[in-house]
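K.L.:
Sharing a structure, written as structure tokens. Questions coming.
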Amino acid sequence: MEGQLALAMFVVVCGVLLLGFPVALTLGGTALGFAALGILIGNFDPDYLTALTGRIFGTMGNETLVAVPLFILMGVVLERAKIAEDLLANMAGLFGERPGGLGVAVILVGALLAASTGIVGATVVTMGVLALPSMLRAGYQPQLATGTICATGTLGQIIPPSIALVLLGDIISSAYQQAQLRMNVINTDTVSVGDLFVGAMVPGVILVLLYLAYVLIRAAVNPESAPAAVSVERTEPSAAVKAVVPPLLLIVLVLGSILVGAATPTEAAGVGATGALFLALIRGTLSFEVLQDISRSTLHTTSMVFLILIGAAVFSLVFRGFGGDTLIEQFFEELGGGPHVALLVVMLVMFLLGFILDFIEITFVVVPVIGPVLLSMGFDPVWLGVMIAVNLQTSFLTPPFGFALFYLRGVAPDSVSTRAIYAGALPFVLIQLLLLVLMWWWPNLVLWLPTALGR
């Protein structure tokens with residue numbers, strides 16, 4: 001009966017989320033409702049709820065999660081500083097006169113923005129407003145133009161400093177500790193957000209190269225789908241360098257300090273936020289009104305993330321109180337086929353959930369449940385974390401609820417149909433799945449850099 005209530009709670013959460021209710025309130029409210037039902041029928045121990053305050057205070061006092069508001073602040077500041085506009089104008093001037101050149105410019109600028117902001121929505125909207133009209137005027141096929149912009153915006157999921165990796169890293173770290181305790185390991189190893197950042201670097205670069213290859217091959221096979229932009233003003237290389245150097249220096253400062261172990265992600269996030277404010281100041285875009293807007297936007301996003309964290313803590317506590325973790329473990333043991341079959345099932349379920357839920361919901365509902373079970377099967381936590389991150393990246397591009405598709409639909413002209421946006425995203429979803437297969441086949445794509453840096 002307890003196991004059935006755990007499964008029912010999971011199903012109800014998914015159903016309520018589909019009705020459009022807020023994620024945090026859905027997670028916490030559904031869990032408390034089922035806990036009350038379990039207490040009434042004698043299937044839930046109320047002592048589990050006494051651990052709730054400790055979990056909430058543990059979440060709020062988690063030093064790793066301090067990086068979340070700082071990286072959000074860094075991203076919002078760079079967005080308001082209009083750095084993306086300069087980057088796109090200069091990159092388009094360098095590459096736009098070649099077939100597929102505008103697509104190449106969009107991908108390169110998107111990669112730089114991903115490595116400096118890590119916020120998917122801001123990147124998609126900014127690129128949609130700035131790049132989509134230019135691509136359509138140049139004669140780009142609407143599917144290719146919209147797909148390139150949506151997919152490029154999702155690079156912020158996998159390229160550090162990614163908010164998704166910060167949240168996922170904290171959950172993977174906790175799951176790894178639980179897995180080791182299950183295996184009776186007394187002196188447990190740890191995995192940090194910095195380890196996930198390092199592990200995601202090579203896959204992130206490979207994904208950018210795959211995007212570039214797709215656009216260039218598409219332009220070579222069908223030049224009419226990605227023609228040269230003859231109306232784009234040519235940019236001098238010196239002007240392009242001047243536009244690229246400031247954000248690139250900030251990226252090197254933030255990621256470099258993490259890679260060499262000179263700073264934790266939280267410390268590097270503080271440096272990044274300060275550096276972004278300095279860039280905005282010297283560009284003359286940091287007025288008092290803009291600073292108010294930046295602070296308000298950062299506070300809104302941060303509050304949403306931490307409220308979801310608290311709701312997720314309540315959900316996972318009640319789920320375990322009903323024996324849900326034991327039920328999941330028994331399912332994988334009875335599945336047969338070994339660890340890789342279990343992982344394949346989990347990845348498939350996550351991919352399918354991505355059609356109806358976003359990455360935050362999947363991260364906080366699914367990963368805490370299946371993470372300890374998979375890690376106790378012997379999978380490397382960094383490799384598993386990056387695999388999950390790439391899988392969850394597809395949730396932004398898969399209809400009907402792909403958020404990158406919604407963001408672009410909101411700023412795209414009426415001449416671009418919703419069907420064209422959905423169709424344009426499909427090849428890039430396949431590219432992301434190809435990267436997932438490559439990482440599964442060659443785990444060293446993830447593990448080589450952490451090993452080389454001695455992490």
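So you can find residues: chains in the structure tokens are A, B, ... in the order shown, residues in each start at 1, and ligands are numbered from 1 in order.
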Near range 203-210 of chain A, within 7 Å and counting only C-alpha atoms, which residues show up once chain neighbours fewer than 6 positions away are dropped, as JSON, numbers by chain?
P.N.:
{"A": [158, 159, 435, 445, 446]}
K.L.:
When you look at Ala412 in chain A with a cut-off of 8 Å (counting only C-alpha atoms), what residues show up, excluding the ones that are within fewer than 2 positions of it in the same chain? I need them as a VMD selection string.
P.N.:
chain A and resid 128 to 129 132 408 to 410 414 416
K.L.:
What lies within 12 Å of range 211-218 of chain A using only C-alpha atoms, ignoring chain neighbours under 3 positions off, as a PyMOL selection string?
P.N.:
chain A and resi 95+98-111+140-141+143-145+147-155+204-208+221-228+424-425+427-432+434-435
K.L.:
Using C-alpha atoms, can you write the selected residues to a file as an mmCIF file, in the first residue's frame?
P.N.:
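Once everything was written out, this is part-v8.cif:
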data_model
loop_
_atom_site.group_PDB
_atom_site.id
_atom_site.type_symbol
_atom_site.label_atom_id
_atom_site.label_comp_id
_atom_site.auth_asym_id
_atom_site.auth_seq_id
_atom_site.Cartn_x
_atom_site.Cartn_y
_atom_site.Cartn_z
ATOM 1 C CA PHE A 95 30.605 35.591 -41.392
ATOM 2 C CA ARG A 98 29.118 33.442 -46.721
ATOM 3 C CA PRO A 99 26.349 30.822 -47.162
ATOM 4 C CA GLY A 100 25.277 29.765 -43.686
ATOM 5 C CA GLY A 101 27.353 32.604 -42.233
ATOM 6 C CA LEU A 102 24.532 34.184 -40.235
ATOM 7 C CA GLY A 103 23.744 30.806 -38.702
ATOM 8 C CA VAL A 104 27.401 30.396 -37.753
ATOM 9 C CA ALA A 105 27.389 33.880 -36.182
ATOM 10 C CA VAL A 106 24.257 33.068 -34.162
ATOM 11 C CA ILE A 107 25.745 29.811 -32.835
ATOM 12 C CA LEU A 108 29.076 31.405 -31.866
ATOM 13 C CA VAL A 109 27.389 34.339 -30.124
ATOM 14 C CA GLY A 110 24.981 31.940 -28.411
ATOM 15 C CA ALA A 111 27.913 29.859 -27.141
ATOM 16 C CA TYR A 140 16.938 31.826 -44.515
ATOM 17 C CA GLN A 141 14.387 29.043 -44.377
ATOM 18 C CA GLN A 143 12.670 26.302 -39.923
ATOM 19 C CA LEU A 144 16.465 26.582 -40.025
ATOM 20 C CA ALA A 145 16.512 30.110 -38.622
ATOM 21 C CA GLY A 147 15.746 25.979 -34.958
ATOM 22 C CA THR A 148 19.242 27.480 -34.849
ATOM 23 C CA ILE A 149 18.169 30.232 -32.443
ATOM 24 C CA CYS A 150 16.218 27.902 -30.129
ATOM 25 C CA ALA A 151 18.967 25.273 -30.009
ATOM 26 C CA THR A 152 21.707 27.845 -29.497
ATOM 27 C CA GLY A 153 19.770 29.308 -26.585
ATOM 28 C CA THR A 154 19.760 25.932 -24.829
ATOM 29 C CA LEU A 155 23.579 25.821 -24.769
ATOM 30 C CA GLY A 204 29.613 21.539 -24.527
ATOM 31 C CA VAL A 205 32.291 22.332 -27.102
ATOM 32 C CA ILE A 206 31.407 19.194 -29.098
ATOM 33 C CA LEU A 207 27.749 20.224 -29.139
ATOM 34 C CA VAL A 208 28.670 23.676 -30.508
ATOM 35 C CA VAL A 221 23.625 20.894 -49.699
ATOM 36 C CA ASN A 222 20.805 23.425 -50.034
ATOM 37 C CA PRO A 223 22.220 26.974 -50.465
ATOM 38 C CA GLU A 224 18.723 28.443 -50.732
ATOM 39 C CA SER A 225 17.959 27.465 -47.121
ATOM 40 C CA ALA A 226 20.899 29.523 -45.767
ATOM 41 C CA PRO A 227 22.027 32.086 -48.354
ATOM 42 C CA ALA A 228 24.716 34.718 -47.917
ATOM 43 C CA GLY A 424 13.104 23.612 -36.969
ATOM 44 C CA ALA A 425 13.911 22.335 -33.468
ATOM 45 C CA PRO A 427 17.130 18.259 -36.104
ATOM 46 C CA PHE A 428 18.793 19.897 -33.113
ATOM 47 C CA VAL A 429 17.031 17.518 -30.708
ATOM 48 C CA LEU A 430 18.491 14.657 -32.761
ATOM 49 C CA ILE A 431 21.942 16.282 -32.529
ATOM 50 C CA GLN A 432 21.618 16.459 -28.736
ATOM 51 C CA LEU A 434 23.638 12.001 -30.842
ATOM 52 C CA LEU A 435 25.866 13.698 -28.269
#
K.L.:
Out of A:Thr53, A:Thr59, A:Ser415, A:Asn444, which residue has the shortest atom-to-atom distance to Leu307 in chain A when counting only C-alpha atoms?
P.N.:
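Among the listed residues, the smallest separation from Leu307 in chain A belongs to A:Thr59.
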K.L.:
So which one's closest to Ser238 in chain A, A:Leu25, A:Leu52, A:Met9, A:Asn90? Using only C-alpha atoms, please.
P.N.:
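Closest to Ser238 in chain A, using only C-alpha atoms: A:Asn90.
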K.L.:
So how many Å separate CA of Ser316 in chain A and CA of Val369 in chain A, to one decimal?
P.N.:
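About the pair CA of Ser316 in chain A and CA of Val369 in chain A: they are 7.4 Å apart.
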K.L.:
If you run DSSP on the backbone here, which positions in range 15-145 of chain A get helix (DSSP H, G or I)? Please write them as a ChimeraX atom specification.
P.N.:
/A:15-18,23-40,46-60,63-80,83-95,101-116,120-130,132-137,142-145
K.L.:
Nearest to Glu333 in chain A among A:Thr266, A:Ser116, A:Ser376, A:Thr285, with distances taken over only C-alpha atoms: which residue is it?
P.N.:
A:Ser376
K.L.:
Restrict the calculation to only C-alpha atoms, then for each residue of range 39-84 of chain A with any atom at most 10 Å from an atom of range 248-265 of chain A give the closest atom pair and their distance in Å to one decimal, rows by chain and rising residue number, as a tab-separated table.
P.N.:
residue	atom	partner	partner_atom	distance
A:Glu63	CA	A:Pro265	CA	9.9
A:Thr64	CA	A:Pro265	CA	7.4
A:Leu65	CA	A:Pro265	CA	9.4
A:Val66	CA	A:Pro265	CA	9.1
A:Ala67	CA	A:Pro265	CA	6.4
A:Val68	CA	A:Pro265	CA	9.5
A:Leu70	CA	A:Pro265	CA	9.9
A:Phe71	CA	A:Pro265	CA	9.4
K.L.:
For Val305 in chain A, work out the shell of residues within 10 Å, counting only C-alpha atoms and skipping chain neighbours fewer than 5 positions away, then give it as number ranges by chain.
P.N.:
A: 23-24, 68-69, 163, 167, 299-300, 310-311, 360
